[in-house]
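Below is final.txt, which holds compact mmCIF, C-alpha atoms.
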# COMPACT_ATOMS: atom_id res chain seq x y z
CA MET A 18 0.00 0.00 0.00
CA GLU A 19 1.84 3.04 -1.33
CA ARG A 20 -0.79 5.27 -2.98
CA VAL A 21 -4.12 5.51 -1.15
CA VAL A 22 -7.20 7.49 -2.15
CA VAL A 23 -9.77 8.25 0.59
CA LEU A 24 -13.27 9.14 -0.64
CA GLY A 25 -16.65 9.69 0.99
CA ARG A 26 -19.46 12.02 1.90
CA GLY A 27 -18.65 15.37 3.50
CA GLY A 28 -18.27 14.96 7.26
CA ALA A 29 -17.43 11.25 7.04
CA GLY A 30 -13.93 11.73 8.43
CA LYS A 31 -11.80 11.44 5.31
CA SER A 32 -9.11 13.83 6.58
CA THR A 33 -9.07 12.18 10.00
CA LEU A 34 -8.64 8.74 8.46
CA ALA A 35 -5.95 9.97 6.06
CA ALA A 36 -4.00 11.58 8.90
CA ALA A 37 -4.24 8.44 11.05
CA LEU A 38 -3.23 6.22 8.14
CA GLY A 39 -0.34 8.52 7.30
CA ALA A 40 0.86 8.45 10.91
CA ALA A 41 0.57 4.66 11.08
CA THR A 42 2.28 3.93 7.75
CA GLY A 43 4.61 6.87 7.24
CA LEU A 44 2.89 7.76 3.98
CA PRO A 45 2.72 11.51 3.27
CA VAL A 46 -0.81 12.90 3.47
CA VAL A 47 -2.20 15.17 0.75
CA GLU A 48 -5.39 17.05 1.64
CA LEU A 49 -6.95 17.82 -1.71
CA ASP A 50 -9.19 20.55 -0.24
CA LYS A 51 -6.07 22.61 0.49
CA HIS A 52 -5.01 22.39 -3.15
CA PHE A 53 -8.45 22.82 -4.72
CA TRP A 54 -10.21 25.61 -2.82
CA GLY A 55 -8.90 29.14 -3.14
CA PRO A 56 -9.73 32.29 -1.18
CA GLY A 57 -13.45 32.67 -0.53
CA LEU A 58 -13.96 28.99 -1.42
CA GLU A 59 -13.25 29.66 -5.08
CA SER A 60 -12.80 26.37 -6.91
CA THR A 61 -9.80 25.63 -9.10
CA PRO A 62 -10.74 25.59 -12.80
CA LEU A 63 -11.18 22.05 -14.12
CA GLU A 64 -8.27 22.18 -16.58
CA LEU A 65 -5.88 23.43 -13.90
CA TRP A 66 -7.22 20.92 -11.35
CA VAL A 67 -6.34 18.05 -13.68
CA VAL A 68 -2.75 19.37 -13.93
CA VAL A 69 -2.38 20.02 -10.18
CA GLN A 70 -3.78 16.63 -9.29
CA GLY A 71 -1.53 14.96 -11.84
CA GLU A 72 1.52 16.54 -10.22
CA LEU A 73 0.40 15.41 -6.77
CA ALA A 74 -0.39 11.88 -7.96
CA ALA A 75 2.95 11.55 -9.77
CA GLU A 76 4.71 11.09 -6.43
CA ASP A 77 5.60 7.51 -5.47
CA ARG A 78 3.88 7.42 -2.06
CA TRP A 79 0.87 9.25 -0.65
CA VAL A 80 -2.52 9.20 1.01
CA MET A 81 -4.88 11.60 -0.79
CA ASP A 82 -8.04 12.52 0.98
CA GLY A 83 -10.82 14.42 -0.61
CA ASP A 84 -14.08 14.06 -2.41
CA LEU A 85 -14.95 17.24 -4.23
CA GLY A 86 -18.32 16.02 -5.46
CA PRO A 87 -19.43 17.65 -8.70
CA TYR A 88 -16.15 19.62 -8.93
CA ASP A 89 -13.94 16.55 -8.89
CA VAL A 90 -11.89 14.78 -11.55
CA LEU A 91 -11.39 11.31 -10.08
CA ASP A 92 -9.60 9.45 -12.85
CA VAL A 93 -6.31 11.30 -12.38
CA ARG A 94 -5.68 9.96 -8.88
CA LEU A 95 -7.59 6.69 -9.24
CA ARG A 96 -5.32 5.54 -12.08
CA ARG A 97 -2.31 5.91 -9.74
CA ALA A 98 -3.93 4.45 -6.60
CA ASP A 99 -3.16 0.97 -5.37
CA THR A 100 -5.72 1.26 -2.55
CA VAL A 101 -9.05 3.09 -2.33
CA LEU A 102 -10.92 3.62 0.93
CA LEU A 103 -14.55 4.67 0.53
CA LEU A 104 -16.31 5.95 3.65
CA ASP A 105 -19.95 5.16 2.91
CA TYR A 106 -21.38 6.49 6.16
CA SER A 107 -24.99 7.51 6.78
CA PHE A 108 -26.27 11.04 6.29
CA PRO A 109 -27.07 11.59 10.00
CA ARG A 110 -23.55 10.57 11.07
CA CYS A 111 -21.89 12.82 8.48
CA ALA A 112 -24.24 15.74 9.08
CA TRP A 113 -23.58 15.58 12.82
CA ARG A 114 -19.82 15.65 12.24
CA ALA A 115 -20.09 18.46 9.68
CA VAL A 116 -22.17 20.63 12.01
CA TRP A 117 -19.52 20.40 14.71
CA ARG A 118 -16.62 20.87 12.29
CA SER A 119 -17.52 24.25 10.81
CA ARG A 120 -20.16 26.33 9.12
CA GLU A 121 -20.83 25.13 5.62
CA ASN A 122 -22.70 26.71 2.72
CA ALA A 123 -25.89 25.47 1.07
CA ASP A 124 -23.97 23.77 -1.77
CA PHE A 125 -22.10 21.66 0.76
CA TRP A 126 -25.32 20.57 2.48
CA GLN A 127 -26.97 19.76 -0.85
CA TRP A 128 -23.98 17.55 -1.72
CA VAL A 129 -23.99 15.83 1.69
CA TRP A 130 -27.74 15.23 1.53
CA SER A 131 -27.71 13.78 -2.00
CA TRP A 132 -24.31 12.03 -1.83
CA ARG A 133 -25.54 8.43 -1.69
CA ARG A 134 -28.01 8.99 -4.53
CA ARG A 135 -25.86 11.22 -6.80
CA SER A 136 -22.17 11.09 -5.92
CA ARG A 137 -21.77 7.50 -4.77
CA PRO A 138 -22.85 6.01 -8.13
CA VAL A 139 -20.38 8.31 -9.90
CA LEU A 140 -17.62 7.21 -7.53
CA LEU A 141 -18.40 3.53 -8.03
CA GLU A 142 -18.43 3.98 -11.79
CA ALA A 143 -15.08 5.80 -11.66
CA LEU A 144 -13.61 3.03 -9.50
CA ALA A 145 -14.72 0.40 -12.01
CA ALA A 146 -13.29 2.39 -14.91
CA HIS A 147 -10.04 3.74 -13.46
CA ALA A 148 -9.04 1.71 -10.39
CA GLN A 149 -9.33 -1.87 -11.64
CA ASP A 150 -5.95 -2.80 -10.13
CA ALA A 151 -6.53 -1.08 -6.80
CA GLU A 152 -7.65 -2.82 -3.64
CA VAL A 153 -10.99 -1.19 -2.76
CA HIS A 154 -12.41 -1.11 0.78
CA VAL A 155 -15.92 0.23 1.43
CA PHE A 156 -16.62 1.08 5.07
CA ARG A 157 -20.22 1.53 6.20
CA GLY A 158 -19.34 2.78 9.67
CA PRO A 159 -16.53 3.92 11.95
CA ARG A 160 -16.04 0.48 13.54
CA ALA A 161 -15.16 -1.12 10.20
CA THR A 162 -12.80 1.77 9.45
CA ALA A 163 -11.17 1.42 12.88
CA ARG A 164 -10.65 -2.33 12.34
CA PHE A 165 -8.91 -1.60 9.04
CA LEU A 166 -6.73 1.09 10.60
CA ALA A 167 -5.82 -1.18 13.54
CA ARG A 168 -3.97 -3.44 11.11
CA PHE A 169 -1.31 -0.73 10.83
CA SER A 170 -0.89 0.07 14.53
Could I get this structure in the form of structure tokens?
Amino acid sequence: MERVVVLGRGGAGKSTLAAALGAATGLPVVELDKHFWGPGLESTPLELWVVVQGELAAEDRWVMDGDLGPYDVLDVRLRRADTVLLLDYSFPRCAWRAVWRSRENADFWQWVWSWRRRSRPVLLEALAAHAQDAEVHVFRGPRATARFLARFS
């Protein structure tokens, strides 16, 4: 496990999992939100995002966390990943975490609310198309994620 992509609904704990996995394995952690969102939550233009993500994914070892929903270009990092972790947690769990994390705008809440119906199918399709050689783990709750992470402690 050298190149790990962490995906999931907003508030699922992608950054927390990536940080814990990075600490346990020594893999460098790349928070895609920090590279994608500019001042005032301005998104990076699609063409530039493909280039930036390509540069990040070109490294030999990493854990990349981030699911940018409708703004995302998944194939760039999925083609390089050897492991994909999908946090498929419930809306109430993610909403609770998001409320305590920070104030979010209406677009964020629309994405979180509709994630399982709209974004998850897109993610699964992208995994089938671009991550055929990757080991994919789908976690439905924090206990399953914790069991996976405990393997590296």
Q: Using all atoms listed in the file, pick whichever of A:Gly57, A:Gly30, A:Pro138, A:Gly25 has the shortest atom-to-atom distance to Pro159 of chain A.
A: A:Gly30
**Q.** Top pick for closest residue to Cys111 of chain A, considering A:Leu34, A:Ala74, A:Ala123, A:Val129 and counting all atoms listed in the file
**A.** A:Val129
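Pairwise distance (atom CA of Ala151 of chain A, atom CA of Asp77 of chain A) equals 14.9 Å.
The space between atom CA of Pro45 of chain A and atom CA of Trp128 of chain A spans 27.8 Å.
Here atom CA of Phe108 of chain A is placed at a distance of 27.8 Å from atom CA of Gln149 of chain A.
Of the residues listed (A:Val155, A:Leu85, A:Met18, A:Leu140), A:Leu85 shows the shortest atom-to-atom separation from Asp124 of chain A; distances use only C-alpha atoms.
The neighbours of His147 of chain A here are the residues that come within 10 Å of it, using only C-alpha atoms and leaving out any residue fewer than 3 positions away in the same chain; they are A:Leu91, A:Asp92, A:Val93, A:Arg94, A:Leu95, A:Arg96, A:Arg97, A:Ala98, A:Leu141, A:Glu142, A:Ala143, A:Leu144, A:Asp150, A:Ala151.
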May I have the protein, DNA and RNA residues with any atom at most 9 Å from the point (-10.9, 19.2, -13.6), counting only C-alpha atoms, written as an mmCIF file with C-alpha atoms, in the frame of the given file?
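Contents of the output file point_6.cif:
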data_model
loop_
_atom_site.group_PDB
_atom_site.id
_atom_site.type_symbol
_atom_site.label_atom_id
_atom_site.label_comp_id
_atom_site.auth_asym_id
_atom_site.auth_seq_id
_atom_site.Cartn_x
_atom_site.Cartn_y
_atom_site.Cartn_z
ATOM 1 C CA THR A 61 -9.800 25.630 -9.100
ATOM 2 C CA PRO A 62 -10.740 25.590 -12.800
ATOM 3 C CA LEU A 63 -11.180 22.050 -14.120
ATOM 4 C CA GLU A 64 -8.270 22.180 -16.580
ATOM 5 C CA LEU A 65 -5.880 23.430 -13.900
ATOM 6 C CA TRP A 66 -7.220 20.920 -11.350
ATOM 7 C CA VAL A 67 -6.340 18.050 -13.680
ATOM 8 C CA VAL A 68 -2.750 19.370 -13.930
ATOM 9 C CA GLN A 70 -3.780 16.630 -9.290
ATOM 10 C CA TYR A 88 -16.150 19.620 -8.930
ATOM 11 C CA ASP A 89 -13.940 16.550 -8.890
ATOM 12 C CA VAL A 90 -11.890 14.780 -11.550
ATOM 13 C CA LEU A 91 -11.390 11.310 -10.080
#
(Q) With distances taken over only C-alpha atoms, which residue among A:Tyr106, A:Trp126, A:Trp79, A:Phe53 lies nearest Phe156 of chain A? (A) A:Tyr106
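When all atoms listed in the file are used to measure the gap to Glu48 of chain A, the shortest distance among A:Met81, A:Ala148, A:Ala163, A:Leu24 belongs to A:Met81.
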